[in-house]
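Trainee: Sharing data_39.txt below, compact mmCIF, C-alpha atoms and all ligand atoms:
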```
# COMPACT_ATOMS: atom_id res chain seq x y z
CA MET A 48 3.88 -0.39 18.38
CA LYS A 49 2.84 3.10 17.43
CA ARG A 50 -0.66 4.39 17.16
CA GLU A 51 -2.58 6.48 14.66
CA ILE A 52 -5.89 8.13 15.51
CA PHE A 53 -8.28 10.09 13.28
CA LEU A 54 -11.18 11.83 14.94
CA THR A 55 -13.84 14.38 14.25
CA ALA A 56 -14.66 16.65 17.14
CA ARG A 57 -18.09 18.20 17.65
CA PHE A 58 -16.29 21.39 18.61
CA GLU A 59 -13.71 23.55 16.96
CA ILE A 60 -10.08 22.95 17.85
CA SER A 61 -8.71 26.06 19.52
CA LYS A 62 -5.12 27.31 19.64
CA GLU A 63 -4.96 26.45 23.31
CA MET A 64 -6.05 22.86 22.66
CA VAL A 65 -3.38 22.56 19.99
CA LYS A 66 -0.77 23.76 22.47
CA ASN A 67 -1.95 21.31 25.12
CA ILE A 68 -2.09 18.33 22.78
CA LYS A 69 1.38 19.04 21.41
CA LYS A 70 2.74 18.92 24.95
CA MET A 71 1.15 15.51 25.47
CA ILE A 72 2.60 13.68 22.49
CA SER A 73 5.93 12.86 20.86
CA GLY A 74 4.45 12.07 17.44
CA LYS A 75 2.76 14.04 14.72
CA PHE A 76 -0.35 16.11 15.23
CA SER A 77 -2.36 17.78 12.50
CA TYR A 78 -5.82 19.24 12.43
CA ALA A 79 -8.27 21.20 10.35
CA LYS A 80 -11.20 22.85 12.10
CA SER A 81 -12.63 19.88 13.98
CA PHE A 82 -10.74 17.09 12.25
CA VAL A 83 -7.74 15.73 14.14
CA ILE A 84 -4.98 13.32 13.13
CA LEU A 85 -2.49 11.93 15.62
CA ASN A 86 0.24 9.75 14.21
CA GLY A 87 3.40 8.09 15.48
CA ILE A 88 2.25 8.40 19.06
CA THR A 89 2.47 5.83 21.83
CA ASN A 90 -0.57 3.99 23.09
CA GLU A 91 -0.44 5.94 26.36
CA GLU A 92 -0.14 9.30 24.62
CA GLY A 93 -3.19 8.39 22.56
CA ASP A 94 -5.18 7.55 25.69
CA ASN A 95 -4.09 10.81 27.32
CA VAL A 96 -5.15 12.94 24.37
CA LEU A 97 -8.48 11.15 24.16
CA SER A 98 -9.22 11.70 27.84
CA TYR A 99 -8.20 15.33 27.54
CA LEU A 100 -10.53 15.83 24.56
CA ARG A 101 -13.34 14.14 26.48
CA THR A 102 -13.14 16.93 29.06
CA ILE A 103 -13.82 19.42 26.26
CA GLY A 104 -16.66 17.82 24.36
CA ASP A 105 -17.92 15.05 22.12
CA PHE A 106 -15.97 13.56 19.28
CA GLU A 107 -16.13 10.59 17.00
CA ILE A 108 -13.12 8.36 16.40
CA THR A 109 -13.04 7.43 12.73
CA ASN A 110 -9.82 5.44 12.84
CA ASP A 111 -7.71 4.13 15.67
CA PHE A 112 -5.05 1.61 14.86
CA LYS A 113 -1.66 0.39 15.92
CA TYR A 114 1.22 -0.36 13.64
CA TYR A 115 4.66 -1.89 13.93
CA GLU A 116 7.78 0.20 14.19
CA ASP A 117 10.69 -0.65 11.89
CA GLU A 118 12.62 -2.64 14.52
CA GLU A 119 9.51 -4.66 15.35
CA LEU A 120 8.91 -5.41 11.67
CA MET A 121 12.39 -6.93 11.48
CA GLU A 122 11.18 -9.81 13.64
CA PHE A 123 9.08 -11.04 10.71
CA ASP A 124 10.28 -12.53 7.45
CA PHE A 125 7.54 -11.54 5.00
CA PHE A 126 5.15 -8.63 4.65
CA TYR A 127 1.92 -7.86 2.93
CA CYS A 128 2.46 -4.67 1.07
CA THR A 129 -0.37 -2.67 -0.42
CA GLY A 130 1.90 0.08 -1.65
CA GLN A 131 1.85 3.80 -1.10
CA ILE A 132 -0.33 5.23 1.62
CA LYS A 133 -1.53 8.03 -0.62
CA PRO A 134 -1.02 7.00 -4.20
CA ASP A 135 0.14 9.79 -6.39
CA THR A 136 -2.75 10.27 -8.70
CA GLY A 137 -1.77 13.87 -9.42
CA ILE A 138 -0.99 12.74 -12.90
CA ARG A 139 -2.36 9.92 -14.98
CA PHE A 140 0.85 8.00 -14.85
CA ILE A 141 -0.71 5.26 -16.84
CA ASP A 142 -3.10 5.90 -19.65
CA PHE A 143 -5.72 3.62 -18.23
CA GLU A 144 -8.87 2.55 -20.03
CA PHE A 145 -11.56 0.37 -18.54
CA GLU A 146 -13.50 0.11 -21.78
CA MET A 147 -13.19 -3.20 -23.51
CA ASN A 148 -9.88 -3.39 -25.35
CA GLY A 149 -9.29 0.26 -24.55
CA ASN A 150 -5.71 -0.20 -23.51
CA ALA A 151 -3.35 -2.28 -25.59
CA SER A 152 -1.20 -3.05 -22.54
CA PHE A 153 -3.92 -5.39 -21.25
CA ASP A 154 -5.48 -8.66 -22.18
CA TYR A 155 -9.25 -8.29 -21.62
CA THR A 156 -10.14 -12.00 -21.89
CA ASN A 157 -11.18 -12.32 -18.22
CA TYR A 158 -12.13 -8.71 -17.70
CA CYS A 159 -15.45 -8.11 -16.01
CA PRO A 160 -16.99 -4.69 -16.77
CA LYS A 161 -19.12 -4.94 -13.61
CA CYS A 162 -16.41 -5.29 -10.96
CA LYS A 163 -13.59 -4.05 -13.18
CA GLU A 164 -11.41 -7.03 -12.30
CA GLY A 165 -9.51 -9.45 -14.47
CA LEU A 166 -7.30 -7.23 -16.56
CA LYS A 167 -4.00 -8.89 -17.29
CA GLN A 168 -1.06 -6.74 -18.24
CA ILE A 169 0.64 -8.21 -21.27
CA SER A 170 2.91 -5.44 -22.50
CA PRO A 171 4.58 -2.27 -21.16
CA PHE A 172 2.44 0.67 -20.20
CA VAL A 173 2.26 3.69 -22.40
CA VAL A 174 2.41 6.57 -19.97
CA LYS A 175 1.45 10.16 -20.33
CA GLY A 176 4.29 12.61 -19.84
CA LEU A 177 6.31 12.15 -16.69
CA SER A 178 6.83 15.50 -15.08
CA LYS A 179 10.21 15.92 -13.42
CA LYS A 180 8.54 15.98 -10.03
CA TYR A 181 7.06 12.50 -10.44
CA ALA A 182 9.91 11.01 -12.41
CA ALA A 183 12.25 11.94 -9.55
CA LYS A 184 10.30 9.88 -7.06
CA LYS A 185 11.84 6.54 -6.14
CA PHE A 186 8.51 4.81 -5.86
CA VAL A 187 5.02 5.68 -6.99
CA ASN A 188 2.02 3.42 -6.95
CA PRO A 189 -0.71 4.38 -9.40
CA PHE A 190 -4.10 2.87 -8.54
CA TRP A 191 -2.54 1.08 -5.56
CA ALA A 192 -1.78 -1.56 -8.11
CA TYR A 193 1.28 -0.85 -10.21
CA TRP A 194 4.72 -0.15 -8.86
CA ILE A 195 6.76 2.43 -10.71
CA VAL A 196 10.34 2.95 -9.57
CA SER A 197 13.12 5.32 -10.53
CA SER A 198 16.09 3.93 -12.43
CA GLU A 199 18.36 4.49 -9.39
CA PHE A 200 16.02 2.54 -7.16
CA MET A 201 15.80 -0.21 -9.76
CA GLU A 202 19.60 -0.46 -9.82
CA LYS A 203 19.67 -0.74 -6.02
CA ILE A 204 17.23 -3.62 -6.15
CA GLN A 205 19.21 -5.33 -8.92
CA GLN A 206 22.46 -5.01 -6.96
CA HIS A 207 20.90 -6.94 -4.10
CA ASN A 208 19.80 -9.86 -6.29
CA ILE A 209 16.18 -9.63 -5.29
CA SER A 210 14.29 -12.69 -6.53
CA GLY A 211 10.89 -12.72 -8.18
CA VAL A 212 11.14 -9.30 -9.72
CA GLU A 213 11.41 -8.04 -13.25
CA PHE A 214 11.49 -4.51 -14.57
CA TRP A 215 9.44 -3.46 -17.56
CA GLU A 216 9.97 -0.36 -19.60
CA LEU A 217 7.53 2.52 -19.61
CA LEU A 218 6.82 3.84 -23.08
CA ASN A 219 5.71 7.21 -24.31
CA TYR A 220 3.30 7.68 -27.21
CA LYS A 221 6.13 7.44 -29.71
CA GLY A 222 7.02 4.04 -28.29
CA GLU A 223 10.22 5.32 -26.73
CA ALA A 224 11.23 3.87 -23.38
CA SER A 225 11.68 6.12 -20.36
CA LYS A 226 15.25 6.21 -19.10
CA THR A 227 14.28 7.48 -15.67
CA ASN A 228 11.44 5.16 -14.62
CA PHE A 229 10.50 1.50 -14.83
CA GLN A 230 7.69 -0.75 -13.75
CA MET A 231 8.59 -3.23 -11.02
CA LYS A 232 6.65 -6.45 -11.61
CA PRO A 233 6.47 -9.80 -9.86
CA THR A 234 7.62 -12.63 -12.11
CA ARG A 235 4.86 -14.98 -10.99
CA ILE A 236 1.50 -15.09 -9.31
CA LEU A 237 1.09 -17.54 -6.43
CA GLN A 238 -2.10 -19.49 -6.05
CA ASN A 239 -3.31 -21.28 -2.90
CA VAL A 240 -0.92 -19.61 -0.48
CA LEU A 241 -3.42 -17.28 1.21
CA ASP A 242 -5.25 -18.91 4.09
CA LEU A 243 -8.86 -18.25 3.13
CA LYS A 244 -10.18 -19.38 6.53
CA TYR A 245 -9.47 -15.90 7.87
CA ILE A 246 -10.79 -14.00 4.92
CA LYS A 247 -14.20 -12.46 4.71
CA PHE A 248 -15.72 -12.52 1.29
CA SER A 249 -17.39 -9.35 0.22
CA ASP A 250 -21.19 -9.43 0.07
CA GLU A 251 -21.28 -7.29 -3.02
CA ASP A 252 -18.88 -9.60 -4.75
CA CYS A 253 -19.66 -10.18 -8.36
CA ASN A 254 -20.27 -13.65 -9.74
CA CYS A 255 -17.62 -13.40 -12.39
CA ILE A 256 -14.59 -15.65 -12.63
CA ASN A 257 -12.34 -13.13 -10.92
CA HIS A 258 -11.68 -13.92 -7.35
CA ARG A 259 -12.11 -11.04 -4.96
CA VAL A 260 -11.51 -11.30 -1.26
CA CYS A 261 -11.47 -8.86 1.61
CA ILE A 262 -8.12 -8.99 3.27
CA PRO A 263 -8.12 -7.73 6.83
CA ASP A 264 -6.10 -4.55 7.28
CA THR A 265 -3.77 -5.75 9.94
CA THR A 266 -2.95 -9.41 9.49
CA VAL A 267 -2.32 -11.53 6.49
CA ARG A 268 -2.14 -15.25 7.00
CA LEU A 269 -0.45 -17.54 4.56
CA HIS A 270 -0.16 -21.31 4.67
CA LYS A 271 2.94 -22.50 6.48
CA GLU A 272 3.81 -24.80 3.58
CA ALA A 273 3.88 -21.78 1.29
CA GLU A 274 6.76 -20.07 3.07
CA ALA A 275 9.45 -22.10 1.32
CA SER A 276 8.11 -21.17 -2.10
CA LEU A 277 8.06 -17.42 -1.51
CA LEU A 278 10.55 -15.25 -3.33
CA ASP A 279 11.58 -11.72 -2.33
CA PHE A 280 8.75 -10.30 -4.42
CA ASN A 281 5.48 -12.18 -4.89
CA GLU A 282 2.00 -11.50 -6.13
CA LEU A 283 -0.96 -13.36 -4.72
CA TYR A 284 -3.62 -14.71 -7.03
CA GLU A 285 -6.40 -13.34 -4.81
CA HIS A 286 -7.38 -9.71 -5.05
CA ASN A 287 -8.33 -7.29 -2.37
CA SER A 288 -11.82 -5.87 -2.80
CA SER A 289 -10.45 -2.39 -3.29
CA LYS A 290 -7.66 -3.26 -5.62
CA LEU A 291 -7.46 -3.80 -9.33
CA THR A 292 -4.57 -6.12 -9.23
CA GLY A 293 -2.20 -8.13 -7.15
CA MET A 294 -1.50 -8.09 -3.54
CA TYR A 295 2.19 -8.16 -3.04
CA ILE A 296 4.14 -10.13 -0.46
CA ILE A 297 7.69 -8.89 0.01
CA SER A 298 10.62 -10.34 1.93
CA LYS A 299 12.53 -8.72 4.76
CA LYS A 300 15.45 -8.33 2.37
CA LEU A 301 13.36 -6.21 0.01
CA LEU A 302 11.76 -4.26 2.85
CA LYS A 303 15.22 -3.37 4.14
CA ILE A 304 16.12 -1.85 0.77
CA PHE A 305 12.98 0.29 0.90
CA ILE A 306 13.91 1.49 4.39
CA GLU A 307 17.52 2.15 3.40
CA GLU A 308 16.25 4.23 0.50
CA GLY A 309 14.16 6.36 2.82
CA ILE A 310 10.78 4.84 1.98
CA ARG A 311 9.30 4.44 5.44
CA PRO A 312 6.86 1.70 6.48
CA HIS A 313 3.49 3.07 7.54
CA TRP A 314 4.36 6.64 6.52
CA ASP A 315 5.22 6.04 2.86
CA ILE A 316 4.35 2.43 2.24
CA ASP A 317 1.72 0.23 3.84
CA ILE A 318 3.31 -2.85 5.43
CA ASP A 319 1.70 -5.61 7.49
CA PRO A 320 3.67 -8.61 8.73
CA VAL A 321 2.69 -11.98 7.31
CA GLU A 322 1.75 -14.75 9.70
CA PHE A 323 2.22 -18.35 8.67
CA VAL A 324 -0.44 -20.71 9.99
ZN ZN A 401 -16.98 -9.21 -11.88
```
The structure given in the file should be rewritten as structure tokens.

Mentor:
Amino acid sequence: MKREIFLTARFEISKEMVKNIKKMISGKFSYAKSFVILNGITNEEGDNVLSYLRTIGDFEITNDFKYYEDEELMEFDFFYCTGQIKPDTGIRFIDFEFEMNGNASFDYTNYCPKCKEGLKQISPFVVKGLSKKYAAKKFVNPFWAYWIVSSEFMEKIQQHNISGVEFWELLNYKGEASKTNFQMKPTRILQNVLDLKYIKFSDEDCNCINHRVCIPDTTVRLHKEAEASLLDFNELYEHNSSKLTGMYIISKKLLKIFIEEGIRPHWDIDIDPVEFV
């Protein structure tokens, strides 16, 4: 396991502190004034840095979590994948409209204007211009909800016969399909596979027909009986409270393709192993 720590110090980080901390860790260290991020460090390195900082002054830990390294992930068969760590919202990849019937790519029948859930994509997205910078990316994840892949990455996935996936075109305003980028979509949505015993329902949840759940960050539990029905790419019927659309469960086979293509778990894409209970 590796560890990631975010903290806010009640003192300013000096050059000497930076030097000392760098000597203590093998991972990544970044800071701005009094805000510190340690990532890819061992548990022990984390403890050492924290005790060192305690000798200097007060600080508040805003995030402290452990995550699996690639080799450790390979011991699991399926993964909950929420997509890119920092979705690229630099451009409006998708011309998104929440207003009723504002976007012809969606069916608004079950849409709830209060919680903004229930949109169902029924036809390809019409995207605003793809700058070369974004079009060149293998994987981008607008709104943490939609997966957009480059044509090369799509071909890789097709060569490996990944099940449960289809690729939809992305259109421009003239209705012409992009040759460089496609939407990667699950072919079906699975109901009753998430074990709701372990799920906390949000207090602010809306009473509409759309089902929102709060999925814990670290563990996702699915029913044991569901394992046999999982494909390489799956969408769960339930939604995370912070997400507009599906929660994706991917197989080890698909995860390996991501890793081979240089898309790194934790750093580029958020991956949590699935437990079957
Ligand atoms: Zn609602």

Trainee: Residues within 10 Å of ligand ZN 401 (chain A), counting only C-alpha atoms and all ligand atoms: report them as a PDB file with C-alpha atoms, in the coordinates of the input.

Mentor:
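This went into selection.pdb:
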```pdb
ATOM      1  CA  ASN A 157     -11.180 -12.320 -18.220  1.00  0.00           C
ATOM      2  CA  TYR A 158     -12.130  -8.710 -17.700  1.00  0.00           C
ATOM      3  CA  CYS A 159     -15.450  -8.110 -16.010  1.00  0.00           C
ATOM      4  CA  PRO A 160     -16.990  -4.690 -16.770  1.00  0.00           C
ATOM      5  CA  LYS A 161     -19.120  -4.940 -13.610  1.00  0.00           C
ATOM      6  CA  CYS A 162     -16.410  -5.290 -10.960  1.00  0.00           C
ATOM      7  CA  LYS A 163     -13.590  -4.050 -13.180  1.00  0.00           C
ATOM      8  CA  GLU A 164     -11.410  -7.030 -12.300  1.00  0.00           C
ATOM      9  CA  GLY A 165      -9.510  -9.450 -14.470  1.00  0.00           C
ATOM     10  CA  ASP A 252     -18.880  -9.600  -4.750  1.00  0.00           C
ATOM     11  CA  CYS A 253     -19.660 -10.180  -8.360  1.00  0.00           C
ATOM     12  CA  ASN A 254     -20.270 -13.650  -9.740  1.00  0.00           C
ATOM     13  CA  CYS A 255     -17.620 -13.400 -12.390  1.00  0.00           C
ATOM     14  CA  ILE A 256     -14.590 -15.650 -12.630  1.00  0.00           C
ATOM     15  CA  ASN A 257     -12.340 -13.130 -10.920  1.00  0.00           C
ATOM     16  CA  HIS A 258     -11.680 -13.920  -7.350  1.00  0.00           C
ATOM     17  CA  ARG A 259     -12.110 -11.040  -4.960  1.00  0.00           C
TER      18      ARG A 259
END
```

Trainee: Would you mind reading off the distance between CA of Pro189 (chain A) and CA of Ser77 (chain A), one decimal, in Å?

Mentor: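 So the answer is 25.7 Å.
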
Trainee: Counting all atoms listed in the file, figure out which residue out of A:Ser61, A:Thr129, A:Ser197, A:Asn95 gets nearest to Ala79 (chain A).

Mentor: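 Checking each of A:Ser61, A:Thr129, A:Ser197, A:Asn95 against Ala79 (chain A), counting all atoms listed in the file, the winner is A:Ser61.
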
Trainee: List as a ChimeraX atom specification the protein and nucleic acid residues near Tyr220 (chain A), meaning an atom at most 10 Å away when only C-alpha atoms are counted, but skip any in the same chain fewer than 2 places from it.

Mentor: /A:172-176,218,222-224

Trainee: Write out as a ChimeraX atom specification each polymer residue whose atoms come within 10 Å of Met294 (chain A), counting all atoms listed in the file; drop sequence neighbours fewer than 4 positions from it.

Mentor: /A:127-130,191-192,236,262,281-287,290

Trainee: Which distance in Å separates CA of Ile204 (chain A) and CA of Ile318 (chain A), to one decimal?

Mentor: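 According to the coordinates, CA of Ile204 (chain A) and CA of Ile318 (chain A) are separated by 18.1 Å.
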
Trainee: Would you mind telling me which residue in A:Lys203, A:Lys221, A:Gly211, A:Ala151 lies nearest to Glu307 (chain A) when using only C-alpha atoms?

Mentor: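 Once distances to Glu307 (chain A) are computed over only C-alpha atoms, the minimum belongs to A:Lys203.
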
Trainee: Produce a table with one row for each residue of region 65-93 of chain A that has an atom at most 10 Å from any atom of region 97-114 of chain A, each row naming the nearest atom pair and its distance in Å at one decimal; use only C-alpha atoms; arrange rows by chain and rising residue number; format as CSV.

Mentor:
```
residue,atom,partner,partner_atom,distance
A:Asn67,CA,A:Tyr99,CA,9.0
A:Ile68,CA,A:Tyr99,CA,8.3
A:Met71,CA,A:Tyr99,CA,9.6
A:Ser81,CA,A:Phe106,CA,8.9
A:Phe82,CA,A:Phe106,CA,9.4
A:Val83,CA,A:Ile108,CA,9.4
A:Ile84,CA,A:Asn110,CA,9.3
A:Leu85,CA,A:Asp111,CA,9.4
A:Asn86,CA,A:Lys113,CA,9.7
A:Gly87,CA,A:Tyr114,CA,8.9
A:Ile88,CA,A:Lys113,CA,9.5
A:Thr89,CA,A:Lys113,CA,9.0
A:Asn90,CA,A:Lys113,CA,8.1
A:Glu91,CA,A:Leu97,CA,9.8
A:Glu92,CA,A:Leu97,CA,8.6
A:Gly93,CA,A:Leu97,CA,6.2
```

Trainee: Within 6 Å of Phe323 (chain A), counting only C-alpha atoms, which residues show up once you throw out same-chain ones fewer than 4 positions away? Write them as a list in words, please.

Mentor: Arg268, Leu269, His270 and Lys271 of chain A

Trainee: For each of A:Asp94, A:Leu166, A:Glu119, A:Thr234, take the minimum atom-to-atom distance to Gly149 (chain A), counting all atoms listed in the file, then give the residue where this is smallest.

Mentor: A:Leu166

Trainee: Please indicate the distance in Å from CA of Glu118 (chain A) to CA of Ile132 (chain A), rounded to one decimal place.

Mentor: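 It comes out at 19.9 Å.
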
Trainee: Which residues, written as a PyMOL selection string, have at least one atom at most 12 Å from Ala273 (chain A), with all atoms listed in the file counted and residues fewer than 3 positions away on the same chain left out?

Mentor: chain A and resi 125+237-242+268-270+276-278+281+283+296+321-324

Trainee: Of the candidates A:Glu274, A:Glu202, A:Asp142, A:Asp319, which shows the shortest atom-to-atom distance to Ile304 (chain A), using all atoms listed in the file?

Mentor: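 Ranking A:Glu274, A:Glu202, A:Asp142, A:Asp319 by distance to Ile304 (chain A), first place goes to A:Glu202.
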
Trainee: My list of candidates is A:Val96, A:Ala56, A:Ile316, A:Leu243. Which is closest to Val187 (chain A) when distances are computed with all atoms listed in the file?

Mentor: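 Answer, going by the shortest atom-to-atom distance: A:Ile316.
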